[in-house]
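Everything below concerns the one structure shown next.
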Amino acid sequence: MTVLVTGAAGFVGFHASLALLKAGDRVVGVDILNDYYDPALKQARLDILNEYANFSFHKLDLAEHEAVMELCRAEKPDRILHLAAQAGVRYSLENPFAYARSNLVGFLSVLEAARALGDHLTHLVYASSSSVYGERSSVPFRENDAAETPASLYAATKRSDELMTASYASLFGIPATGLRFFTVYGPWGRPDMAYWLFADAMLDGRPIKVFNNGDMERDFTYVDDVIEPLCRILRDKPRRGRHAVYNIGGSSPVRLLDMIETLETALGCTAEKEMLPMQPGDVTRTFADTTRLQTDYGYAPQIPIEMGLKRFADWYKDWRNRS
């Protein structure tokens, strides 16, 4: 395959690109390399990808529509893996236009490029999010549940992406698949996520901020349990005009305080906890029903959180020593 991977220097984008390169596919990576978090981490991921002859990289703002079209005309990808987005729930409270530019305008540029590629494009796979479900008491979350009450602007943009894709698939015959990721974690992860922030504070001897007094649950999903099905889905050739959405999660929600205890064991240190109220835009629980993904693609996550956090902790301590 020749795959255009947007967000190639990001967490999931890096792991997906690496898996595709190791499988012998050609990867055309795109990323804006913004400073939402340390660009040095993004560059370190790119340095690994650049070791492969079948990888090329383009620093590009997806909101620049003509540049995206020009790249697709030149590279002629037969698959698009769209992972680029402005991430983070709390950041959207102060920087809403960053989400509109990246997650809406940038996403539209990708859809227009997919449209222009016509029959040459055999599959568009894009990242959605568990955040589209909003706050709800009924679990687990199923793909056919109503997703009409997003708790944050980030969640609203992700749900908008799904609706935009549904319209483009119907109008222009684009075969597309959306993946609702549930709290993906692991080595080379994102520094704005709780497990990373906790690890950083714990190793520095600082207190960790525990929101909603710890009364939260997350369906943590180790990155390898995302990348394996993602690559298999990407290789699929759905009928033209089909648009499907799948949950990708561990289907085993973990209490926040239990996650902290597991991370303490993995790092070999104890956390000092600062209990705080719920943050705007957050939700109390996530829980993926992955029946649809199991049925269609044989999905079966393999890595429990004890193993996953140990792998992250080992990598992170090494990363801190090198940084």
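The way I read the labels, and the way they are meant: chains A, B, ... in the order of the structure tokens, residue 1 as the first residue of every chain, and ligand 1 as the first ligand shown, with later ones counted on from there.
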Hey, what's within 9 Å of stretch 212-217 of chain A if we count only C-alpha atoms and toss same-chain stuff fewer than 3 positions away? As a PDB file with N, CA and C atoms, in the first residue's frame, please?
```pdb
ATOM      1  N   PRO A 253     -13.036  -1.165  32.007  1.00  0.00           N
ATOM      2  CA  PRO A 253     -12.796   0.124  32.662  1.00  0.00           C
ATOM      3  C   PRO A 253     -12.040  -0.033  33.977  1.00  0.00           C
ATOM      4  N   VAL A 254     -11.158   0.920  34.246  1.00  0.00           N
ATOM      5  CA  VAL A 254     -10.319   0.906  35.444  1.00  0.00           C
ATOM      6  C   VAL A 254     -10.592   2.177  36.248  1.00  0.00           C
ATOM      7  N   ARG A 255     -10.805   2.021  37.535  1.00  0.00           N
ATOM      8  CA  ARG A 255     -10.982   3.180  38.406  1.00  0.00           C
ATOM      9  C   ARG A 255      -9.686   3.994  38.424  1.00  0.00           C
ATOM     10  N   LEU A 256      -9.836   5.309  38.436  1.00  0.00           N
ATOM     11  CA  LEU A 256      -8.667   6.188  38.400  1.00  0.00           C
ATOM     12  C   LEU A 256      -7.704   5.886  39.542  1.00  0.00           C
ATOM     13  N   LEU A 257      -8.220   5.673  40.754  1.00  0.00           N
ATOM     14  CA  LEU A 257      -7.349   5.397  41.899  1.00  0.00           C
ATOM     15  C   LEU A 257      -6.633   4.057  41.734  1.00  0.00           C
ATOM     16  N   GLU A 274      -3.423  15.174  45.326  1.00  0.00           N
ATOM     17  CA  GLU A 274      -4.151  16.407  45.578  1.00  0.00           C
ATOM     18  C   GLU A 274      -5.550  16.226  44.987  1.00  0.00           C
ATOM     19  N   MET A 275      -6.546  16.056  45.846  1.00  0.00           N
ATOM     20  CA  MET A 275      -7.901  15.788  45.386  1.00  0.00           C
ATOM     21  C   MET A 275      -8.585  17.084  44.967  1.00  0.00           C
ATOM     22  N   LEU A 276      -9.145  17.072  43.743  1.00  0.00           N
ATOM     23  CA  LEU A 276      -9.736  18.272  43.160  1.00  0.00           C
ATOM     24  C   LEU A 276     -11.109  17.944  42.576  1.00  0.00           C
ATOM     25  N   PRO A 277     -11.944  18.974  42.350  1.00  0.00           N
ATOM     26  CA  PRO A 277     -13.260  18.728  41.748  1.00  0.00           C
ATOM     27  C   PRO A 277     -13.157  18.382  40.264  1.00  0.00           C
ATOM     28  N   MET A 278     -14.253  17.962  39.685  1.00  0.00           N
ATOM     29  CA  MET A 278     -14.324  17.629  38.267  1.00  0.00           C
ATOM     30  C   MET A 278     -13.976  18.848  37.419  1.00  0.00           C
ATOM     31  N   GLN A 279     -13.233  18.609  36.343  1.00  0.00           N
ATOM     32  CA  GLN A 279     -12.872  19.670  35.414  1.00  0.00           C
ATOM     33  C   GLN A 279     -13.940  19.834  34.335  1.00  0.00           C
ATOM     34  N   VAL A 283     -15.688  13.697  31.646  1.00  0.00           N
ATOM     35  CA  VAL A 283     -16.795  12.782  31.923  1.00  0.00           C
ATOM     36  C   VAL A 283     -16.331  11.793  32.988  1.00  0.00           C
ATOM     37  N   THR A 284     -17.281  11.189  33.697  1.00  0.00           N
ATOM     38  CA  THR A 284     -16.909  10.336  34.823  1.00  0.00           C
ATOM     39  C   THR A 284     -16.476   8.941  34.403  1.00  0.00           C
ATOM     40  N   ARG A 285     -16.941   8.458  33.236  1.00  0.00           N
ATOM     41  CA  ARG A 285     -16.585   7.087  32.854  1.00  0.00           C
ATOM     42  C   ARG A 285     -16.602   6.916  31.349  1.00  0.00           C
ATOM     43  N   THR A 286     -15.811   5.964  30.881  1.00  0.00           N
ATOM     44  CA  THR A 286     -15.894   5.491  29.495  1.00  0.00           C
ATOM     45  C   THR A 286     -15.821   3.966  29.526  1.00  0.00           C
ATOM     46  N   PHE A 287     -16.505   3.335  28.584  1.00  0.00           N
ATOM     47  CA  PHE A 287     -16.583   1.875  28.574  1.00  0.00           C
ATOM     48  C   PHE A 287     -17.014   1.454  27.169  1.00  0.00           C
TER      49      PHE A 287
END
```
Quiz item: Which residues, written as a PyMOL selection string, have at least one atom at most 12 Å from A:Thr270, with only C-alpha atoms counted and residues fewer than 3 positions away on the same chain left out?
Solution: chain A and resi 198-199+201-208+260-267+273
Exercise. Can you work out the spacing between atom CA of A:Val226 and atom CA of A:Pro301 in Å, to one decimal?
Key: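 Here the two named atoms are 8.1 Å from each other.
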Self-check item: All residues 12 Å or closer to A:Leu20, only C-alpha atoms, same chain fewer than 5 positions away omitted, as a list in words
Solution: Met1, Thr2, Val3, Leu4, Val5, Ala8, Gly13, Phe14, His15, Asp25, Arg26, Val27, Val28, Gly29, Leu49, Tyr52, Asn54, Phe55, Arg79, Leu81, Ile227, Glu228, Leu230, Cys231, Arg232, Leu234 and Arg235 of chain A
Please, could you write that set of residues out with N, CA, C and O atoms as a JSON list (two decimals), in the first residue's frame?
```json
[["chain", "number", "residue", "atom", "x", "y", "z"],
["A", 1, "MET", "N", 0.84, -1.19, 0.00],
["A", 1, "MET", "CA", 0.00, 0.00, 0.00],
["A", 1, "MET", "C", 0.88, 1.24, 0.00],
["A", 1, "MET", "O", 2.00, 1.24, 0.51],
["A", 2, "THR", "N", 0.34, 2.32, -0.56],
["A", 2, "THR", "CA", 0.89, 3.66, -0.35],
["A", 2, "THR", "C", -0.11, 4.38, 0.52],
["A", 2, "THR", "O", -1.26, 4.60, 0.12],
["A", 3, "VAL", "N", 0.30, 4.72, 1.74],
["A", 3, "VAL", "CA", -0.61, 5.27, 2.74],
["A", 3, "VAL", "C", -0.21, 6.69, 3.11],
["A", 3, "VAL", "O", 0.94, 6.94, 3.49],
["A", 4, "LEU", "N", -1.14, 7.62, 2.97],
["A", 4, "LEU", "CA", -0.95, 8.96, 3.51],
["A", 4, "LEU", "C", -1.36, 8.92, 4.97],
["A", 4, "LEU", "O", -2.52, 8.63, 5.28],
["A", 5, "VAL", "N", -0.41, 9.15, 5.88],
["A", 5, "VAL", "CA", -0.69, 9.14, 7.32],
["A", 5, "VAL", "C", -0.60, 10.58, 7.82],
["A", 5, "VAL", "O", 0.49, 11.15, 7.86],
["A", 8, "ALA", "N", 1.55, 11.97, 11.52],
["A", 8, "ALA", "CA", 2.53, 10.88, 11.57],
["A", 8, "ALA", "C", 3.52, 11.04, 12.72],
["A", 8, "ALA", "O", 4.10, 10.05, 13.17],
["A", 13, "GLY", "N", -0.16, 8.06, 15.40],
["A", 13, "GLY", "CA", 0.37, 8.17, 14.05],
["A", 13, "GLY", "C", 1.76, 7.58, 13.91],
["A", 13, "GLY", "O", 2.07, 6.91, 12.91],
["A", 14, "PHE", "N", 2.60, 7.81, 14.91],
["A", 14, "PHE", "CA", 3.95, 7.24, 14.90],
["A", 14, "PHE", "C", 3.90, 5.72, 14.94],
["A", 14, "PHE", "O", 4.55, 5.03, 14.14],
["A", 15, "HIS", "N", 3.13, 5.16, 15.87],
["A", 15, "HIS", "CA", 3.05, 3.71, 16.00],
["A", 15, "HIS", "C", 2.45, 3.06, 14.76],
["A", 15, "HIS", "O", 2.90, 2.00, 14.31],
["A", 25, "ASP", "N", 5.02, -1.43, 3.59],
["A", 25, "ASP", "CA", 4.20, -0.44, 2.91],
["A", 25, "ASP", "C", 4.95, 0.88, 2.77],
["A", 25, "ASP", "O", 5.88, 1.18, 3.52],
["A", 26, "ARG", "N", 4.53, 1.68, 1.81],
["A", 26, "ARG", "CA", 5.09, 3.01, 1.62],
["A", 26, "ARG", "C", 4.24, 4.00, 2.40],
["A", 26, "ARG", "O", 3.01, 4.02, 2.26],
["A", 27, "VAL", "N", 4.87, 4.81, 3.25],
["A", 27, "VAL", "CA", 4.16, 5.76, 4.10],
["A", 27, "VAL", "C", 4.57, 7.18, 3.74],
["A", 27, "VAL", "O", 5.76, 7.52, 3.73],
["A", 28, "VAL", "N", 3.59, 7.99, 3.44],
["A", 28, "VAL", "CA", 3.78, 9.43, 3.22],
["A", 28, "VAL", "C", 3.25, 10.12, 4.46],
["A", 28, "VAL", "O", 2.03, 10.18, 4.68],
["A", 29, "GLY", "N", 4.14, 10.60, 5.29],
["A", 29, "GLY", "CA", 3.75, 11.19, 6.57],
["A", 29, "GLY", "C", 3.54, 12.69, 6.47],
["A", 29, "GLY", "O", 4.28, 13.39, 5.78],
["A", 49, "LEU", "N", 11.17, 7.06, 12.30],
["A", 49, "LEU", "CA", 10.51, 6.78, 11.02],
["A", 49, "LEU", "C", 11.41, 7.09, 9.83],
["A", 49, "LEU", "O", 11.38, 6.38, 8.82],
["A", 52, "TYR", "N", 13.62, 4.59, 7.73],
["A", 52, "TYR", "CA", 13.06, 3.67, 6.73],
["A", 52, "TYR", "C", 13.04, 4.35, 5.36],
["A", 52, "TYR", "O", 12.55, 5.47, 5.21],
["A", 54, "ASN", "N", 11.24, 3.63, 2.89],
["A", 54, "ASN", "CA", 9.88, 3.73, 2.35],
["A", 54, "ASN", "C", 9.03, 4.76, 3.10],
["A", 54, "ASN", "O", 7.80, 4.75, 3.01],
["A", 55, "PHE", "N", 9.70, 5.69, 3.81],
["A", 55, "PHE", "CA", 9.00, 6.77, 4.52],
["A", 55, "PHE", "C", 9.44, 8.11, 3.97],
["A", 55, "PHE", "O", 10.63, 8.35, 3.75],
["A", 79, "ARG", "N", -4.51, 4.54, 0.14],
["A", 79, "ARG", "CA", -5.16, 4.56, 1.46],
["A", 79, "ARG", "C", -4.83, 5.89, 2.13],
["A", 79, "ARG", "O", -3.74, 6.43, 1.95],
["A", 81, "LEU", "N", -4.86, 7.36, 6.11],
["A", 81, "LEU", "CA", -5.06, 7.15, 7.54],
["A", 81, "LEU", "C", -4.97, 8.52, 8.20],
["A", 81, "LEU", "O", -3.89, 9.09, 8.35],
["A", 227, "ILE", "N", -3.15, -0.51, 17.31],
["A", 227, "ILE", "CA", -2.44, -0.51, 16.02],
["A", 227, "ILE", "C", -2.71, -1.78, 15.22],
["A", 227, "ILE", "O", -2.89, -1.73, 14.00],
["A", 228, "GLU", "N", -2.77, -2.93, 15.87],
["A", 228, "GLU", "CA", -2.97, -4.19, 15.14],
["A", 228, "GLU", "C", -4.30, -4.19, 14.38],
["A", 228, "GLU", "O", -4.32, -4.43, 13.16],
["A", 230, "LEU", "N", -6.16, -1.59, 13.67],
["A", 230, "LEU", "CA", -6.17, -0.43, 12.78],
["A", 230, "LEU", "C", -5.53, -0.77, 11.44],
["A", 230, "LEU", "O", -6.08, -0.45, 10.37],
["A", 231, "CYS", "N", -4.38, -1.44, 11.47],
["A", 231, "CYS", "CA", -3.70, -1.79, 10.22],
["A", 231, "CYS", "C", -4.50, -2.81, 9.41],
["A", 231, "CYS", "O", -4.53, -2.75, 8.18],
["A", 232, "ARG", "N", -5.14, -3.75, 10.10],
["A", 232, "ARG", "CA", -5.97, -4.71, 9.36],
["A", 232, "ARG", "C", -7.18, -4.03, 8.73],
["A", 232, "ARG", "O", -7.56, -4.35, 7.59],
["A", 234, "LEU", "N", -7.30, -0.92, 7.78],
["A", 234, "LEU", "CA", -6.79, -0.09, 6.70],
["A", 234, "LEU", "C", -6.57, -0.90, 5.42],
["A", 234, "LEU", "O", -6.79, -0.42, 4.31],
["A", 235, "ARG", "N", -6.18, -2.16, 5.57],
["A", 235, "ARG", "CA", -5.94, -3.02, 4.39],
["A", 235, "ARG", "C", -7.24, -3.49, 3.74],
["A", 235, "ARG", "O", -7.24, -3.95, 2.60]]
```
Practice problem: Please provide as an MDAnalysis selection string all residues within 9 Å of A:Asp192, with the sequence filter that same-chain residues fewer than 2 positions apart are discarded (counting only C-alpha atoms). | Solution: chainID A and resid 36:37 88 189:190 194:197
Quiz item: What does the distance from atom CA of A:Pro140 to atom CA of A:Ser167 come to in Å, to one decimal?
Solution: 27.2 Å
Quiz item: Which parts of stretch 131-233 of chain A does DSSP call helix (DSSP H, G or I) when run on the backbone here, written out as an NGL selection string?
Solution: :A and (131-133 or 153-172 or 194-204 or 212-214 or 224-233)
Would you save the residues from that selection as a PDB file, in the first residue's frame, using C-alpha atoms?
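result21.pdb was written with the following content:
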```pdb
ATOM      1  CA  SER A 131     -15.556  11.552  23.847  1.00  0.00           C
ATOM      2  CA  VAL A 132     -18.397  11.724  21.293  1.00  0.00           C
ATOM      3  CA  TYR A 133     -20.578   9.766  23.737  1.00  0.00           C
ATOM      4  CA  LEU A 153     -15.698  21.324  21.967  1.00  0.00           C
ATOM      5  CA  TYR A 154     -13.128  18.636  21.162  1.00  0.00           C
ATOM      6  CA  ALA A 155     -15.860  15.995  21.368  1.00  0.00           C
ATOM      7  CA  ALA A 156     -18.172  18.120  19.227  1.00  0.00           C
ATOM      8  CA  THR A 157     -15.543  18.401  16.493  1.00  0.00           C
ATOM      9  CA  LYS A 158     -14.966  14.656  16.493  1.00  0.00           C
ATOM     10  CA  ARG A 159     -18.681  13.952  16.166  1.00  0.00           C
ATOM     11  CA  SER A 160     -18.823  16.547  13.379  1.00  0.00           C
ATOM     12  CA  ASP A 161     -16.045  14.665  11.578  1.00  0.00           C
ATOM     13  CA  GLU A 162     -18.153  11.512  11.640  1.00  0.00           C
ATOM     14  CA  LEU A 163     -21.155  13.320  10.171  1.00  0.00           C
ATOM     15  CA  MET A 164     -19.046  15.029   7.502  1.00  0.00           C
ATOM     16  CA  THR A 165     -17.585  11.683   6.481  1.00  0.00           C
ATOM     17  CA  ALA A 166     -21.015  10.075   6.322  1.00  0.00           C
ATOM     18  CA  SER A 167     -22.125  12.757   3.875  1.00  0.00           C
ATOM     19  CA  TYR A 168     -19.001  12.476   1.699  1.00  0.00           C
ATOM     20  CA  ALA A 169     -19.241   8.693   1.634  1.00  0.00           C
ATOM     21  CA  SER A 170     -22.845   8.924   0.478  1.00  0.00           C
ATOM     22  CA  LEU A 171     -22.333  11.723  -2.031  1.00  0.00           C
ATOM     23  CA  PHE A 172     -19.017  10.696  -3.575  1.00  0.00           C
ATOM     24  CA  ALA A 194      -3.130  11.667  32.922  1.00  0.00           C
ATOM     25  CA  TYR A 195      -0.838   8.628  33.159  1.00  0.00           C
ATOM     26  CA  TRP A 196       2.099  10.669  31.754  1.00  0.00           C
ATOM     27  CA  LEU A 197       1.378  13.691  33.974  1.00  0.00           C
ATOM     28  CA  PHE A 198       1.135  11.401  36.993  1.00  0.00           C
ATOM     29  CA  ALA A 199       4.397   9.625  36.163  1.00  0.00           C
ATOM     30  CA  ASP A 200       6.226  12.912  35.664  1.00  0.00           C
ATOM     31  CA  ALA A 201       4.995  14.337  38.959  1.00  0.00           C
ATOM     32  CA  MET A 202       5.645  11.143  40.908  1.00  0.00           C
ATOM     33  CA  LEU A 203       9.228  10.835  39.702  1.00  0.00           C
ATOM     34  CA  ASP A 204       9.813  14.513  40.552  1.00  0.00           C
ATOM     35  CA  ASN A 212     -13.457  14.457  40.816  1.00  0.00           C
ATOM     36  CA  ASN A 213     -11.757  13.132  43.957  1.00  0.00           C
ATOM     37  CA  GLY A 214     -10.762  10.043  42.000  1.00  0.00           C
ATOM     38  CA  ASP A 224      -0.504  -2.188  20.437  1.00  0.00           C
ATOM     39  CA  ASP A 225      -4.137  -3.242  20.893  1.00  0.00           C
ATOM     40  CA  VAL A 226      -5.100  -0.264  18.718  1.00  0.00           C
ATOM     41  CA  ILE A 227      -2.440  -0.512  16.021  1.00  0.00           C
ATOM     42  CA  GLU A 228      -2.969  -4.187  15.141  1.00  0.00           C
ATOM     43  CA  PRO A 229      -6.685  -3.884  14.269  1.00  0.00           C
ATOM     44  CA  LEU A 230      -6.168  -0.431  12.775  1.00  0.00           C
ATOM     45  CA  CYS A 231      -3.704  -1.790  10.223  1.00  0.00           C
ATOM     46  CA  ARG A 232      -5.974  -4.713   9.364  1.00  0.00           C
ATOM     47  CA  ILE A 233      -8.916  -2.361   8.874  1.00  0.00           C
TER      48      ILE A 233
END
```
Self-check item: Near-A:Gly118 list (12 Å; only C-alpha atoms; drop same-chain fewer than 4 positions) as a list in words
Solution: Cys72, Arg73, Lys76, Pro77, Asp78, Arg79, Leu111, Glu112, Ala113, Ala114, Thr122, His123, Leu124, Tyr168, Ala169, Leu171, Phe172, Gly173, Ile174, Pro175, Arg240 and Gly241 of chain A
Exercise. From a DSSP pass on the backbone, collect the residues of stretch 171-263 of chain A flagged as strand (DSSP E or B) and hand them back as JSON, numbers by chain.
Key: {"A": [176, 177, 178, 179, 180, 181, 184, 185, 208, 209, 210, 211, 217, 218, 221, 222, 243, 244, 245, 246, 247, 248, 254, 255]}
Only N, CA and C atoms, please: the residues just picked out, written as a PDB file, in the first residue's frame.
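Okay, again_30.pdb is ready:
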```
ATOM      1  N   ALA A 176     -15.156   4.562   3.779  1.00  0.00           N
ATOM      2  CA  ALA A 176     -14.566   5.199   4.956  1.00  0.00           C
ATOM      3  C   ALA A 176     -14.905   4.441   6.235  1.00  0.00           C
ATOM      4  N   THR A 177     -13.961   4.494   7.181  1.00  0.00           N
ATOM      5  CA  THR A 177     -14.145   3.872   8.491  1.00  0.00           C
ATOM      6  C   THR A 177     -13.636   4.816   9.568  1.00  0.00           C
ATOM      7  N   GLY A 178     -14.491   5.073  10.567  1.00  0.00           N
ATOM      8  CA  GLY A 178     -14.109   5.887  11.714  1.00  0.00           C
ATOM      9  C   GLY A 178     -13.855   5.008  12.925  1.00  0.00           C
ATOM     10  N   LEU A 179     -12.821   5.338  13.690  1.00  0.00           N
ATOM     11  CA  LEU A 179     -12.433   4.556  14.862  1.00  0.00           C
ATOM     12  C   LEU A 179     -12.534   5.422  16.110  1.00  0.00           C
ATOM     13  N   ARG A 180     -13.424   5.024  17.011  1.00  0.00           N
ATOM     14  CA  ARG A 180     -13.589   5.747  18.270  1.00  0.00           C
ATOM     15  C   ARG A 180     -12.614   5.177  19.299  1.00  0.00           C
ATOM     16  N   PHE A 181     -11.492   5.855  19.469  1.00  0.00           N
ATOM     17  CA  PHE A 181     -10.446   5.390  20.392  1.00  0.00           C
ATOM     18  C   PHE A 181     -10.847   5.661  21.838  1.00  0.00           C
ATOM     19  N   VAL A 184      -6.129   5.734  24.720  1.00  0.00           N
ATOM     20  CA  VAL A 184      -4.963   4.986  24.251  1.00  0.00           C
ATOM     21  C   VAL A 184      -3.732   5.441  25.038  1.00  0.00           C
ATOM     22  N   TYR A 185      -2.929   4.483  25.492  1.00  0.00           N
ATOM     23  CA  TYR A 185      -1.744   4.804  26.296  1.00  0.00           C
ATOM     24  C   TYR A 185      -0.603   3.881  25.905  1.00  0.00           C
ATOM     25  N   ILE A 208       0.243  14.722  42.599  1.00  0.00           N
ATOM     26  CA  ILE A 208      -0.529  14.555  41.371  1.00  0.00           C
ATOM     27  C   ILE A 208      -1.930  15.127  41.587  1.00  0.00           C
ATOM     28  N   LYS A 209      -2.514  15.673  40.540  1.00  0.00           N
ATOM     29  CA  LYS A 209      -3.843  16.253  40.612  1.00  0.00           C
ATOM     30  C   LYS A 209      -4.877  15.195  40.239  1.00  0.00           C
ATOM     31  N   VAL A 210      -5.703  14.839  41.192  1.00  0.00           N
ATOM     32  CA  VAL A 210      -6.717  13.795  40.996  1.00  0.00           C
ATOM     33  C   VAL A 210      -8.083  14.458  40.962  1.00  0.00           C
ATOM     34  N   PHE A 211      -8.670  14.515  39.772  1.00  0.00           N
ATOM     35  CA  PHE A 211      -9.929  15.242  39.609  1.00  0.00           C
ATOM     36  C   PHE A 211     -11.137  14.386  39.991  1.00  0.00           C
ATOM     37  N   GLU A 217     -13.712   6.553  35.931  1.00  0.00           N
ATOM     38  CA  GLU A 217     -13.285   5.299  35.325  1.00  0.00           C
ATOM     39  C   GLU A 217     -12.942   5.549  33.864  1.00  0.00           C
ATOM     40  N   ARG A 218     -11.874   4.878  33.401  1.00  0.00           N
ATOM     41  CA  ARG A 218     -11.493   4.996  32.000  1.00  0.00           C
ATOM     42  C   ARG A 218     -11.233   3.612  31.423  1.00  0.00           C
ATOM     43  N   THR A 221      -6.682   1.590  26.828  1.00  0.00           N
ATOM     44  CA  THR A 221      -6.387   0.698  25.699  1.00  0.00           C
ATOM     45  C   THR A 221      -4.918   0.838  25.345  1.00  0.00           C
ATOM     46  N   TYR A 222      -4.169  -0.249  25.503  1.00  0.00           N
ATOM     47  CA  TYR A 222      -2.740  -0.193  25.192  1.00  0.00           C
ATOM     48  C   TYR A 222      -2.553   0.010  23.700  1.00  0.00           C
ATOM     49  N   HIS A 243     -19.769   3.695   4.943  1.00  0.00           N
ATOM     50  CA  HIS A 243     -19.167   4.392   6.078  1.00  0.00           C
ATOM     51  C   HIS A 243     -19.525   3.634   7.346  1.00  0.00           C
ATOM     52  N   ALA A 244     -18.508   3.150   8.054  1.00  0.00           N
ATOM     53  CA  ALA A 244     -18.719   2.404   9.299  1.00  0.00           C
ATOM     54  C   ALA A 244     -17.946   3.067  10.427  1.00  0.00           C
ATOM     55  N   VAL A 245     -18.446   2.919  11.645  1.00  0.00           N
ATOM     56  CA  VAL A 245     -17.787   3.453  12.838  1.00  0.00           C
ATOM     57  C   VAL A 245     -17.633   2.322  13.847  1.00  0.00           C
ATOM     58  N   TYR A 246     -16.431   2.231  14.433  1.00  0.00           N
ATOM     59  CA  TYR A 246     -16.145   1.179  15.411  1.00  0.00           C
ATOM     60  C   TYR A 246     -15.541   1.769  16.684  1.00  0.00           C
ATOM     61  N   ASN A 247     -15.922   1.182  17.819  1.00  0.00           N
ATOM     62  CA  ASN A 247     -15.202   1.429  19.070  1.00  0.00           C
ATOM     63  C   ASN A 247     -13.924   0.599  19.086  1.00  0.00           C
ATOM     64  N   ILE A 248     -12.830   1.210  19.557  1.00  0.00           N
ATOM     65  CA  ILE A 248     -11.617   0.442  19.870  1.00  0.00           C
ATOM     66  C   ILE A 248     -11.264   0.744  21.317  1.00  0.00           C
ATOM     67  N   VAL A 254     -11.158   0.920  34.246  1.00  0.00           N
ATOM     68  CA  VAL A 254     -10.319   0.906  35.444  1.00  0.00           C
ATOM     69  C   VAL A 254     -10.592   2.177  36.248  1.00  0.00           C
ATOM     70  N   ARG A 255     -10.805   2.021  37.535  1.00  0.00           N
ATOM     71  CA  ARG A 255     -10.982   3.180  38.406  1.00  0.00           C
ATOM     72  C   ARG A 255      -9.686   3.994  38.424  1.00  0.00           C
TER      73      ARG A 255
END
```
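The smallest atom-to-atom distance between A:Ala87 and any of A:Gly7, A:Gly298, A:Gly249, A:Gly268, using only C-alpha atoms, is found for A:Gly7.
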Quiz item: From the set A:Tyr297, A:Phe57, A:Trp188, A:Met193, which residue has the shortest atom-to-atom contact distance to A:Tyr316, counting only C-alpha atoms?
Solution: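 Closest residue, counting only C-alpha atoms: A:Trp188.
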